[in-house]
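Chemist: Starting off with a structure, shown below.
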Protein chains: 2
Amino acid sequence: MGSIDRKNKIKEIRKNDIIDAAQEVIFSKGYNQASMDEISKQAEFSKRTVYSYFSSKEEIYFEIMVRGYNLLNEQIQNIFNEIPQKTALEKIKQMGLVIYKFSTQYPNYFEAIMSYENKEEDFDIQLSNSSRDNCYNLGEILFSYLKTTLEEGVKEGLIRDDIDVVNTSVYIWSSTIGLFDVLIKKKKYLKNYHSRDTDTLLKNGLDMIIYSIKKR
Amino acid sequence: MGSIDRKNKIKEIRKNDIIDAAQEVIFSKGYNQASMDEISKQAEFSKRTVYSYFSSKEEIYFEIMVRGYNLLNEQIQNIFNEIPQKTALEKIKQMGLVIYKFSTQYPNYFEAIMSYENKEEDFDIQLSNSSRDNCYNLGEILFSYLKTTLEEGVKEGLIRDDIDVVNTSVYIWSSTIGLFDVLIKKKKYLKNYHSRDTDTLLKNGLDMIIYSIKKR
DNA sequence: ACACAAAGTAAACTTAGAGTTTACTTTACT
DNA sequence: AGTAAAGTAAACTCTAAGTTTACTTTGTGT
């Protein structure tokens with residue numbers, strides 16, 4: 001291994017250490033409350049050094065989001081590797097449930113993902129094209145699972161054959177995101193004003209979505 | 001009219017003028033880029049005076065959101081006042097279309113509404129209970145239209161009678177919000193990566209939602 | 001083994017904007 | 001005309017992101 005490779009490797013490790021530290025601080029006090037001074041201190045680097053690895057606080061948060069996305073994609077992938085294989089409809093419902101489980105198990109990662117999912121396409125930070133593509137690809141993995149499963153379901157005869165799989169994937173993805181967002185953020189409101197708990201509403205919502213694509 | 005009443009009236013007018021000015025600045029440069037110095041200048045008051053009417057920038061933005069909500073509610077209300085009356089299913093689809101039209105016609109108000117809809121229940125600013133209730137009430141108006149219309153549809157025999165109207169209202173509301181959010185924010189991405197335009201995806205999404213509640 | 005480049009450091013600095021204080025002036029009611 | 005309420009300009013505090021400076025440490029090539 002050449003010395004340049006070794007250096008790059010060390011750089012990657014340090015970058016990771018900084019993300020670790022930032023994650024600890026940001027997850028414990030929230031993005032806005034976490035200062036770069038504190039993140040640097042936690043990372044045991046000077047602020048200047050942190051800024052030599054990342055150009056802004058937002059860029060670091062973006063990396064945290066990528067970690068979250070990878071973790072989520074892994075869990076989704078498991079559904080498709082399971083034996084015995086489930087039907088397309090079961091898999092789609094399972095995806096919803098896995099995302100929900102993820103959101104309760106890793107609320108901070110989920111928040112990071114959501115804050116980017118809910119962001120304008122024109123990111124505040126000017127992402128390099130490769131970062132942007134990389135970010136899109138993370139979402140594309142989920143999207144393509146959805147698309148493939150829908151196609152599979154149509155073939156099986158369980159899913160309506162009058163749907164367009166791309167349109168329907170967008171519909172399922174966006175309405176599921178909306179459902180989670182509202183259920184998580186308005187949890188107390190829904191309990192106090194409409195006496196419904198998150199679990200009931202989530203299961204009902206996913207059932208409605210499934211019902212809308214099911215063949216009869 | 002007593003002098004106290006007159007004073008309160010003047011105060012209300014000034015408050016409104018300040019909201020007008022803030023709206024102009026915020027809508028033209030965005031919330032973060034709009035400074036309180038500039039808002040005060042636009043309002044032709046000193047910054048100190050602005051702060052005697054509102055306790056923070058966020059509180060002013062909150063008032064802008066309330067304006068937007070009232071405008072939206074008005075347009076929704078029109079659907080229900082129309083003659084001849086439509087079926088429940090048509091009304092629900094119409095609500096979706098009206099919200100979409102609103103989002104294109106008043107994108108800045110829509111953004112203000114969305115930024116509060118997407119906010120944690122625990123607002124950053126400590127809203128007084130009356131402001132918080134007031135804010136909830138705005139959403140409640142829409143919610144109750146939805147609920148009432150669903151009940152009506154069940155009676156008419158057009159909507160599934162095995163649904164719970166509250167659960168279903170939450171599902172419709174949250175998935176519609178999610179749909180708009182994704183379609184507006186990821187417009188370019190959906191066009192470039194999946195060659196689908198907003199209108200098609202919106203109409204398809206609303207149809208799927210309608211399909212999920214329709215009796216057959 | 002040592003020169004020198006790369007990487008790191010602490011601490012002071014810049015910048016920007018929200019919100020506050022001060023010391024003063026204008027307005028309008030009684 | 002006197003007084004209280006409402007307004008003003010401008011300087012100030014505070015916080016936090018990001019930068020600069022002047023210096024030190026580390027590690028690699030010859």
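FYI, nothing fancy with the structure tokens labels: chains A, B, ... in order, residues from 1 per chain, ligands from 1 as they appear.
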Got a sec to align chain A on chain B by every in-order Cα pair and hand back the fitted coordinates as a PDB file with C-alpha atoms, in the first residue's frame?
Modeler:
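Output below, filename superposed30.pdb:
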ATOM      1  CA  MET A   1     -66.013  53.608  21.824  1.00  0.00           C
ATOM      2  CA  GLY A   2     -63.712  54.079  24.801  1.00  0.00           C
ATOM      3  CA  SER A   3     -60.152  55.196  24.306  1.00  0.00           C
ATOM      4  CA  ILE A   4     -58.861  51.794  25.336  1.00  0.00           C
ATOM      5  CA  ASP A   5     -60.909  50.143  22.608  1.00  0.00           C
ATOM      6  CA  ARG A   6     -59.641  52.681  20.101  1.00  0.00           C
ATOM      7  CA  LYS A   7     -56.079  52.019  21.183  1.00  0.00           C
ATOM      8  CA  ASN A   8     -56.544  48.306  20.815  1.00  0.00           C
ATOM      9  CA  LYS A   9     -57.974  48.848  17.384  1.00  0.00           C
ATOM     10  CA  ILE A  10     -54.971  50.929  16.364  1.00  0.00           C
ATOM     11  CA  LYS A  11     -52.714  48.278  17.832  1.00  0.00           C
ATOM     12  CA  GLU A  12     -54.423  45.628  15.733  1.00  0.00           C
ATOM     13  CA  ILE A  13     -54.005  47.731  12.614  1.00  0.00           C
ATOM     14  CA  ARG A  14     -50.302  48.271  13.322  1.00  0.00           C
ATOM     15  CA  LYS A  15     -49.834  44.577  14.034  1.00  0.00           C
ATOM     16  CA  ASN A  16     -51.389  43.855  10.692  1.00  0.00           C
ATOM     17  CA  ASP A  17     -49.186  46.401   8.957  1.00  0.00           C
ATOM     18  CA  ILE A  18     -46.140  44.736  10.468  1.00  0.00           C
ATOM     19  CA  ILE A  19     -47.322  41.318   9.310  1.00  0.00           C
ATOM     20  CA  ASP A  20     -47.881  42.801   5.836  1.00  0.00           C
ATOM     21  CA  ALA A  21     -44.344  44.125   5.774  1.00  0.00           C
ATOM     22  CA  ALA A  22     -42.820  40.936   7.129  1.00  0.00           C
ATOM     23  CA  GLN A  23     -44.751  38.945   4.562  1.00  0.00           C
ATOM     24  CA  GLU A  24     -43.376  41.063   1.758  1.00  0.00           C
ATOM     25  CA  VAL A  25     -39.792  40.619   2.913  1.00  0.00           C
ATOM     26  CA  ILE A  26     -40.077  36.938   3.889  1.00  0.00           C
ATOM     27  CA  PHE A  27     -41.949  35.940   0.730  1.00  0.00           C
ATOM     28  CA  SER A  28     -39.391  37.664  -1.449  1.00  0.00           C
ATOM     29  CA  LYS A  29     -36.172  36.385   0.166  1.00  0.00           C
ATOM     30  CA  GLY A  30     -37.209  33.467   2.327  1.00  0.00           C
ATOM     31  CA  TYR A  31     -37.554  33.192   6.091  1.00  0.00           C
ATOM     32  CA  ASN A  32     -33.891  32.760   6.971  1.00  0.00           C
ATOM     33  CA  GLN A  33     -32.669  35.490   4.646  1.00  0.00           C
ATOM     34  CA  ALA A  34     -35.202  38.013   5.935  1.00  0.00           C
ATOM     35  CA  SER A  35     -33.675  39.982   8.808  1.00  0.00           C
ATOM     36  CA  MET A  36     -35.643  41.785  11.476  1.00  0.00           C
ATOM     37  CA  ASP A  37     -33.787  44.983  10.522  1.00  0.00           C
ATOM     38  CA  GLU A  38     -35.155  44.708   7.026  1.00  0.00           C
ATOM     39  CA  ILE A  39     -38.650  43.801   8.201  1.00  0.00           C
ATOM     40  CA  SER A  40     -38.710  46.839  10.517  1.00  0.00           C
ATOM     41  CA  LYS A  41     -37.503  49.078   7.723  1.00  0.00           C
ATOM     42  CA  GLN A  42     -40.195  47.740   5.404  1.00  0.00           C
ATOM     43  CA  ALA A  43     -42.805  48.242   8.136  1.00  0.00           C
ATOM     44  CA  GLU A  44     -41.521  51.799   8.673  1.00  0.00           C
ATOM     45  CA  PHE A  45     -41.126  51.168  12.385  1.00  0.00           C
ATOM     46  CA  SER A  46     -38.000  50.933  14.444  1.00  0.00           C
ATOM     47  CA  LYS A  47     -36.896  47.427  15.287  1.00  0.00           C
ATOM     48  CA  ARG A  48     -37.690  48.100  18.932  1.00  0.00           C
ATOM     49  CA  THR A  49     -41.284  48.949  18.079  1.00  0.00           C
ATOM     50  CA  VAL A  50     -41.671  45.797  16.033  1.00  0.00           C
ATOM     51  CA  TYR A  51     -40.440  43.876  19.069  1.00  0.00           C
ATOM     52  CA  SER A  52     -43.069  45.599  21.201  1.00  0.00           C
ATOM     53  CA  TYR A  53     -45.763  44.071  18.990  1.00  0.00           C
ATOM     54  CA  PHE A  54     -44.225  40.644  18.508  1.00  0.00           C
ATOM     55  CA  SER A  55     -41.789  38.833  20.696  1.00  0.00           C
ATOM     56  CA  SER A  56     -39.868  37.079  17.937  1.00  0.00           C
ATOM     57  CA  LYS A  57     -39.461  36.634  14.223  1.00  0.00           C
ATOM     58  CA  GLU A  58     -41.026  33.211  14.507  1.00  0.00           C
ATOM     59  CA  GLU A  59     -44.141  34.667  16.096  1.00  0.00           C
ATOM     60  CA  ILE A  60     -44.585  36.923  13.079  1.00  0.00           C
ATOM     61  CA  TYR A  61     -44.168  33.968  10.741  1.00  0.00           C
ATOM     62  CA  PHE A  62     -46.767  32.125  12.766  1.00  0.00           C
ATOM     63  CA  GLU A  63     -49.229  34.940  12.046  1.00  0.00           C
ATOM     64  CA  ILE A  64     -48.463  34.648   8.345  1.00  0.00           C
ATOM     65  CA  MET A  65     -49.246  30.944   8.590  1.00  0.00           C
ATOM     66  CA  VAL A  66     -52.597  31.772  10.216  1.00  0.00           C
ATOM     67  CA  ARG A  67     -53.438  34.052   7.283  1.00  0.00           C
ATOM     68  CA  GLY A  68     -52.575  31.268   4.866  1.00  0.00           C
ATOM     69  CA  TYR A  69     -54.657  28.758   6.779  1.00  0.00           C
ATOM     70  CA  ASN A  70     -57.670  31.060   6.790  1.00  0.00           C
ATOM     71  CA  LEU A  71     -57.350  31.615   3.059  1.00  0.00           C
ATOM     72  CA  LEU A  72     -57.105  27.869   2.441  1.00  0.00           C
ATOM     73  CA  ASN A  73     -60.051  27.088   4.698  1.00  0.00           C
ATOM     74  CA  GLU A  74     -62.133  29.640   2.795  1.00  0.00           C
ATOM     75  CA  GLN A  75     -61.420  27.889  -0.493  1.00  0.00           C
ATOM     76  CA  ILE A  76     -62.242  24.502   0.985  1.00  0.00           C
ATOM     77  CA  GLN A  77     -65.448  25.887   2.425  1.00  0.00           C
ATOM     78  CA  ASN A  78     -66.540  26.927  -1.067  1.00  0.00           C
ATOM     79  CA  ILE A  79     -66.655  23.284  -2.119  1.00  0.00           C
ATOM     80  CA  PHE A  80     -69.256  22.647   0.528  1.00  0.00           C
ATOM     81  CA  ASN A  81     -71.324  25.709  -0.340  1.00  0.00           C
ATOM     82  CA  GLU A  82     -71.521  24.893  -4.024  1.00  0.00           C
ATOM     83  CA  ILE A  83     -74.827  24.197  -5.695  1.00  0.00           C
ATOM     84  CA  PRO A  84     -75.544  21.615  -6.988  1.00  0.00           C
ATOM     85  CA  GLN A  85     -74.114  19.492  -4.216  1.00  0.00           C
ATOM     86  CA  LYS A  86     -71.571  16.865  -5.120  1.00  0.00           C
ATOM     87  CA  THR A  87     -71.230  13.350  -3.740  1.00  0.00           C
ATOM     88  CA  ALA A  88     -68.977  12.746  -0.750  1.00  0.00           C
ATOM     89  CA  LEU A  89     -66.317  11.111  -2.918  1.00  0.00           C
ATOM     90  CA  GLU A  90     -66.316  14.012  -5.341  1.00  0.00           C
ATOM     91  CA  LYS A  91     -66.003  16.461  -2.461  1.00  0.00           C
ATOM     92  CA  ILE A  92     -63.021  14.639  -0.993  1.00  0.00           C
ATOM     93  CA  LYS A  93     -61.240  14.545  -4.314  1.00  0.00           C
ATOM     94  CA  GLN A  94     -62.123  18.201  -4.809  1.00  0.00           C
ATOM     95  CA  MET A  95     -60.514  19.021  -1.447  1.00  0.00           C
ATOM     96  CA  GLY A  96     -57.266  17.493  -2.663  1.00  0.00           C
ATOM     97  CA  LEU A  97     -57.397  19.415  -5.909  1.00  0.00           C
ATOM     98  CA  VAL A  98     -58.221  22.685  -4.136  1.00  0.00           C
ATOM     99  CA  ILE A  99     -55.262  22.240  -1.804  1.00  0.00           C
ATOM    100  CA  TYR A 100     -53.046  21.536  -4.784  1.00  0.00           C
ATOM    101  CA  LYS A 101     -54.343  24.613  -6.594  1.00  0.00           C
ATOM    102  CA  PHE A 102     -53.733  26.632  -3.442  1.00  0.00           C
ATOM    103  CA  SER A 103     -50.171  25.352  -3.268  1.00  0.00           C
ATOM    104  CA  THR A 104     -49.427  26.587  -6.790  1.00  0.00           C
ATOM    105  CA  GLN A 105     -51.379  29.827  -6.433  1.00  0.00           C
ATOM    106  CA  TYR A 106     -50.011  30.799  -3.012  1.00  0.00           C
ATOM    107  CA  PRO A 107     -46.772  28.837  -2.739  1.00  0.00           C
ATOM    108  CA  ASN A 108     -45.478  31.059   0.058  1.00  0.00           C
ATOM    109  CA  TYR A 109     -48.553  30.671   2.220  1.00  0.00           C
ATOM    110  CA  PHE A 110     -48.490  26.971   1.504  1.00  0.00           C
ATOM    111  CA  GLU A 111     -44.861  26.797   2.578  1.00  0.00           C
ATOM    112  CA  ALA A 112     -45.735  28.606   5.801  1.00  0.00           C
ATOM    113  CA  ILE A 113     -48.551  26.164   6.514  1.00  0.00           C
ATOM    114  CA  MET A 114     -46.321  23.206   5.715  1.00  0.00           C
ATOM    115  CA  SER A 115     -43.498  24.425   7.890  1.00  0.00           C
ATOM    116  CA  TYR A 116     -45.887  24.394  10.846  1.00  0.00           C
ATOM    117  CA  GLU A 117     -47.626  21.194   9.822  1.00  0.00           C
ATOM    118  CA  ASN A 118     -44.200  19.563   9.716  1.00  0.00           C
ATOM    119  CA  LYS A 119     -43.114  20.972  13.040  1.00  0.00           C
ATOM    120  CA  GLU A 120     -42.892  19.012  16.257  1.00  0.00           C
ATOM    121  CA  GLU A 121     -45.935  19.456  18.420  1.00  0.00           C
ATOM    122  CA  ASP A 122     -43.694  21.086  20.974  1.00  0.00           C
ATOM    123  CA  PHE A 123     -43.258  24.326  19.111  1.00  0.00           C
ATOM    124  CA  ASP A 124     -39.896  26.075  19.328  1.00  0.00           C
ATOM    125  CA  ILE A 125     -41.594  29.251  20.373  1.00  0.00           C
ATOM    126  CA  GLN A 126     -43.653  28.745  23.443  1.00  0.00           C
ATOM    127  CA  LEU A 127     -47.059  29.464  22.045  1.00  0.00           C
ATOM    128  CA  SER A 128     -49.589  30.719  24.539  1.00  0.00           C
ATOM    129  CA  ASN A 129     -52.332  28.165  25.041  1.00  0.00           C
ATOM    130  CA  SER A 130     -54.737  30.361  23.107  1.00  0.00           C
ATOM    131  CA  SER A 131     -52.385  30.585  20.111  1.00  0.00           C
ATOM    132  CA  ARG A 132     -51.825  26.875  20.196  1.00  0.00           C
ATOM    133  CA  ASP A 133     -55.535  26.156  20.379  1.00  0.00           C
ATOM    134  CA  ASN A 134     -56.161  28.686  17.653  1.00  0.00           C
ATOM    135  CA  CYS A 135     -53.608  26.914  15.483  1.00  0.00           C
ATOM    136  CA  TYR A 136     -55.124  23.516  16.209  1.00  0.00           C
ATOM    137  CA  ASN A 137     -58.578  24.889  15.428  1.00  0.00           C
ATOM    138  CA  LEU A 138     -57.462  25.928  11.961  1.00  0.00           C
ATOM    139  CA  GLY A 139     -56.429  22.343  11.267  1.00  0.00           C
ATOM    140  CA  GLU A 140     -59.535  21.044  13.020  1.00  0.00           C
ATOM    141  CA  ILE A 141     -61.765  22.859  10.537  1.00  0.00           C
ATOM    142  CA  LEU A 142     -60.248  20.896   7.661  1.00  0.00           C
ATOM    143  CA  PHE A 143     -60.271  17.730   9.705  1.00  0.00           C
ATOM    144  CA  SER A 144     -63.939  18.048  10.578  1.00  0.00           C
ATOM    145  CA  TYR A 145     -64.902  18.671   6.945  1.00  0.00           C
ATOM    146  CA  LEU A 146     -63.154  15.440   6.119  1.00  0.00           C
ATOM    147  CA  LYS A 147     -64.818  13.537   8.950  1.00  0.00           C
ATOM    148  CA  THR A 148     -68.304  14.840   8.185  1.00  0.00           C
ATOM    149  CA  THR A 149     -67.941  14.129   4.496  1.00  0.00           C
ATOM    150  CA  LEU A 150     -66.790  10.583   5.190  1.00  0.00           C
ATOM    151  CA  GLU A 151     -69.825   9.995   7.425  1.00  0.00           C
ATOM    152  CA  GLU A 152     -72.037  11.416   4.703  1.00  0.00           C
ATOM    153  CA  GLY A 153     -70.438   9.128   2.122  1.00  0.00           C
ATOM    154  CA  VAL A 154     -70.977   6.085   4.279  1.00  0.00           C
ATOM    155  CA  LYS A 155     -74.671   7.029   4.596  1.00  0.00           C
ATOM    156  CA  GLU A 156     -74.947   7.555   0.823  1.00  0.00           C
ATOM    157  CA  GLY A 157     -73.493   4.099   0.373  1.00  0.00           C
ATOM    158  CA  LEU A 158     -70.567   5.368  -1.727  1.00  0.00           C
ATOM    159  CA  ILE A 159     -67.901   4.926   0.943  1.00  0.00           C
ATOM    160  CA  ARG A 160     -66.906   1.688   2.683  1.00  0.00           C
ATOM    161  CA  ASP A 161     -68.909   1.170   5.845  1.00  0.00           C
ATOM    162  CA  ASP A 162     -66.162  -0.892   7.521  1.00  0.00           C
ATOM    163  CA  ILE A 163     -63.947   2.142   8.112  1.00  0.00           C
ATOM    164  CA  ASP A 164     -63.497   4.227  11.253  1.00  0.00           C
ATOM    165  CA  VAL A 165     -64.041   7.819  10.198  1.00  0.00           C
ATOM    166  CA  VAL A 166     -61.462   9.297  12.561  1.00  0.00           C
ATOM    167  CA  ASN A 167     -58.719   6.836  11.619  1.00  0.00           C
ATOM    168  CA  THR A 168     -59.559   7.316   7.971  1.00  0.00           C
ATOM    169  CA  SER A 169     -59.540  11.107   8.243  1.00  0.00           C
ATOM    170  CA  VAL A 170     -56.057  10.951   9.739  1.00  0.00           C
ATOM    171  CA  TYR A 171     -54.957   8.619   6.973  1.00  0.00           C
ATOM    172  CA  ILE A 172     -56.377  10.831   4.215  1.00  0.00           C
ATOM    173  CA  TRP A 173     -54.984  14.002   5.733  1.00  0.00           C
ATOM    174  CA  SER A 174     -51.487  12.705   6.360  1.00  0.00           C
ATOM    175  CA  SER A 175     -51.093  10.898   3.074  1.00  0.00           C
ATOM    176  CA  THR A 176     -52.340  13.896   1.137  1.00  0.00           C
ATOM    177  CA  ILE A 177     -49.875  16.152   2.971  1.00  0.00           C
ATOM    178  CA  GLY A 178     -47.099  13.659   2.236  1.00  0.00           C
ATOM    179  CA  LEU A 179     -48.060  13.515  -1.413  1.00  0.00           C
ATOM    180  CA  PHE A 180     -47.977  17.307  -1.816  1.00  0.00           C
ATOM    181  CA  ASP A 181     -44.762  17.643   0.094  1.00  0.00           C
ATOM    182  CA  VAL A 182     -42.928  15.108  -2.022  1.00  0.00           C
ATOM    183  CA  LEU A 183     -44.400  16.309  -5.305  1.00  0.00           C
ATOM    184  CA  ILE A 184     -43.494  19.932  -4.646  1.00  0.00           C
ATOM    185  CA  LYS A 185     -40.065  19.375  -3.132  1.00  0.00           C
ATOM    186  CA  LYS A 186     -38.878  16.593  -5.408  1.00  0.00           C
ATOM    187  CA  LYS A 187     -40.447  17.946  -8.573  1.00  0.00           C
ATOM    188  CA  LYS A 188     -37.194  18.063 -10.555  1.00  0.00           C
ATOM    189  CA  TYR A 189     -35.986  14.735  -9.215  1.00  0.00           C
ATOM    190  CA  LEU A 190     -39.217  12.970 -10.189  1.00  0.00           C
ATOM    191  CA  LYS A 191     -39.077  14.525 -13.646  1.00  0.00           C
ATOM    192  CA  ASN A 192     -35.405  13.722 -14.241  1.00  0.00           C
ATOM    193  CA  TYR A 193     -35.135  10.295 -12.635  1.00  0.00           C
ATOM    194  CA  HIS A 194     -38.621   8.908 -13.283  1.00  0.00           C
ATOM    195  CA  SER A 195     -39.964  11.156 -16.073  1.00  0.00           C
ATOM    196  CA  ARG A 196     -43.227  11.882 -14.319  1.00  0.00           C
ATOM    197  CA  ASP A 197     -44.753  15.315 -13.932  1.00  0.00           C
ATOM    198  CA  THR A 198     -46.395  16.693 -10.824  1.00  0.00           C
ATOM    199  CA  ASP A 199     -49.908  16.845 -12.288  1.00  0.00           C
ATOM    200  CA  THR A 200     -49.977  13.183 -13.306  1.00  0.00           C
ATOM    201  CA  LEU A 201     -48.579  12.048  -9.976  1.00  0.00           C
ATOM    202  CA  LEU A 202     -50.971  14.236  -8.026  1.00  0.00           C
ATOM    203  CA  LYS A 203     -54.046  13.033  -9.870  1.00  0.00           C
ATOM    204  CA  ASN A 204     -52.906   9.437  -9.618  1.00  0.00           C
ATOM    205  CA  GLY A 205     -52.235   9.802  -5.887  1.00  0.00           C
ATOM    206  CA  LEU A 206     -55.629  11.327  -5.181  1.00  0.00           C
ATOM    207  CA  ASP A 207     -57.305   8.592  -7.248  1.00  0.00           C
ATOM    208  CA  MET A 208     -55.524   5.922  -5.226  1.00  0.00           C
ATOM    209  CA  ILE A 209     -56.674   7.505  -1.981  1.00  0.00           C
ATOM    210  CA  ILE A 210     -60.255   7.727  -3.258  1.00  0.00           C
ATOM    211  CA  TYR A 211     -60.054   4.105  -4.421  1.00  0.00           C
ATOM    212  CA  SER A 212     -59.045   3.039  -0.913  1.00  0.00           C
ATOM    213  CA  ILE A 213     -62.231   4.400   0.670  1.00  0.00           C
ATOM    214  CA  LYS A 214     -64.719   3.729  -2.125  1.00  0.00           C
ATOM    215  CA  LYS A 215     -67.320   1.048  -1.623  1.00  0.00           C
ATOM    216  CA  ARG A 216     -67.752  -1.526  -4.375  1.00  0.00           C
TER     217      ARG A 216
END
Chemist: Taking only C-alpha atoms (C1' of nucleotides) into account, which residues of chain C are within 9 Å of chain B, as a list in words?
Modeler: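 So the contacting residues turn out to be DG17, DA18, DG19, DT20 and DC29 of chain C.
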Chemist: Record the distance separating atom C1' of DA7 of chain C and atom C1' of DT21 of chain D, expressed in Å with one decimal.
Modeler: 16.1 Å
Chemist: Taking only C-alpha atoms (C1' of nucleotides) into account, report as a list of chain:residue names which residues of chain D lie within 8 Å of chain B.
Modeler: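 Residues of chain D within 8 Å of chain B, counting only C-alpha atoms (C1' of nucleotides): D:DG7, D:DT8, D:DA9.
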Chemist: Create the file for the chosen residues now, containing C-alpha atoms (C1' of nucleotides) and written as a PDB file, in the first residue's frame.
Modeler:
ATOM      1  C1'  DG D   7     -42.153  55.787  19.210  1.00  0.00           C
ATOM      2  C1'  DT D   8     -37.132  56.521  17.623  1.00  0.00           C
ATOM      3  C1'  DA D   9     -31.973  55.753  16.483  1.00  0.00           C
TER       4       DA D   9
END
Chemist: Can you pull out every residue within 12 Å of DC4 of chain C, counting only C-alpha atoms (C1' of nucleotides), but drop anything in the same chain fewer than 3 positions away, and send it as a PyMOL selection string?
Modeler: chain D and resi 26-30
Chemist: From the DSSP assignment of the backbone, select every residue of chain A that is alpha helix (DSSP H), and format the answer as an MDAnalysis selection string.
Modeler: chainID A and resid 3:29 36:43 47:53 57:81 88:105 107:117 129:156 165:185 187:194 198:213
Chemist: For atom C1' of DA23 of chain C and atom C1' of DA11 of chain D, quote the distance in Å rounded to one decimal.
Modeler: 11.0 Å
Chemist: Set the distance at 12 Å and use only C-alpha atoms (C1' of nucleotides): which residues neighbour DC23 of chain D once local chain neighbours fewer than 6 positions away are removed? I'd like the list as an MDAnalysis selection string.
Modeler: chainID C and resid 8:11
Chemist: Keeping only N, CA and C atoms (P, O5', C5', C4', C3', O3' and C1' of nucleotides), take the residues you just selected and write them out as a PDB file, in the first residue's frame.
Modeler:
ATOM      1  P    DG C   8      -5.026  16.289  10.557  1.00  0.00           P
ATOM      2  O5'  DG C   8      -4.551  17.149  11.812  1.00  0.00           O
ATOM      3  C5'  DG C   8      -3.883  16.471  12.875  1.00  0.00           C
ATOM      4  C4'  DG C   8      -3.398  17.515  13.838  1.00  0.00           C
ATOM      5  C3'  DG C   8      -4.524  18.375  14.408  1.00  0.00           C
ATOM      6  O3'  DG C   8      -4.768  18.037  15.770  1.00  0.00           O
ATOM      7  C1'  DG C   8      -2.620  19.671  13.805  1.00  0.00           C
ATOM      8  P    DT C   9      -5.906  18.789  16.507  1.00  0.00           P
ATOM      9  O5'  DT C   9      -5.134  20.033  17.120  1.00  0.00           O
ATOM     10  C5'  DT C   9      -4.026  19.797  18.013  1.00  0.00           C
ATOM     11  C4'  DT C   9      -3.589  21.131  18.560  1.00  0.00           C
ATOM     12  C3'  DT C   9      -4.765  21.965  19.031  1.00  0.00           C
ATOM     13  O3'  DT C   9      -4.780  22.049  20.437  1.00  0.00           O
ATOM     14  C1'  DT C   9      -3.288  23.243  17.654  1.00  0.00           C
ATOM     15  P    DA C  10      -6.041  22.454  21.201  1.00  0.00           P
ATOM     16  O5'  DA C  10      -5.675  23.923  21.676  1.00  0.00           O
ATOM     17  C5'  DA C  10      -4.319  24.287  21.976  1.00  0.00           C
ATOM     18  C4'  DA C  10      -4.267  25.780  22.168  1.00  0.00           C
ATOM     19  C3'  DA C  10      -5.522  26.401  22.782  1.00  0.00           C
ATOM     20  O3'  DA C  10      -5.091  27.421  23.660  1.00  0.00           O
ATOM     21  C1'  DA C  10      -5.192  27.283  20.600  1.00  0.00           C
ATOM     22  P    DA C  11      -6.102  28.179  24.589  1.00  0.00           P
ATOM     23  O5'  DA C  11      -6.159  29.603  23.911  1.00  0.00           O
ATOM     24  C5'  DA C  11      -5.025  30.109  23.196  1.00  0.00           C
ATOM     25  C4'  DA C  11      -5.475  31.282  22.336  1.00  0.00           C
ATOM     26  C3'  DA C  11      -6.766  31.954  22.825  1.00  0.00           C
ATOM     27  O3'  DA C  11      -6.645  33.340  22.569  1.00  0.00           O
ATOM     28  C1'  DA C  11      -7.038  31.312  20.621  1.00  0.00           C
TER      29       DA C  11
END
Chemist: Mind pulling up the distance from atom C1' of DC14 of chain D to atom C1' of DT25 of chain C?
Modeler: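 That distance, rounded to one decimal, is 28.9 Å.
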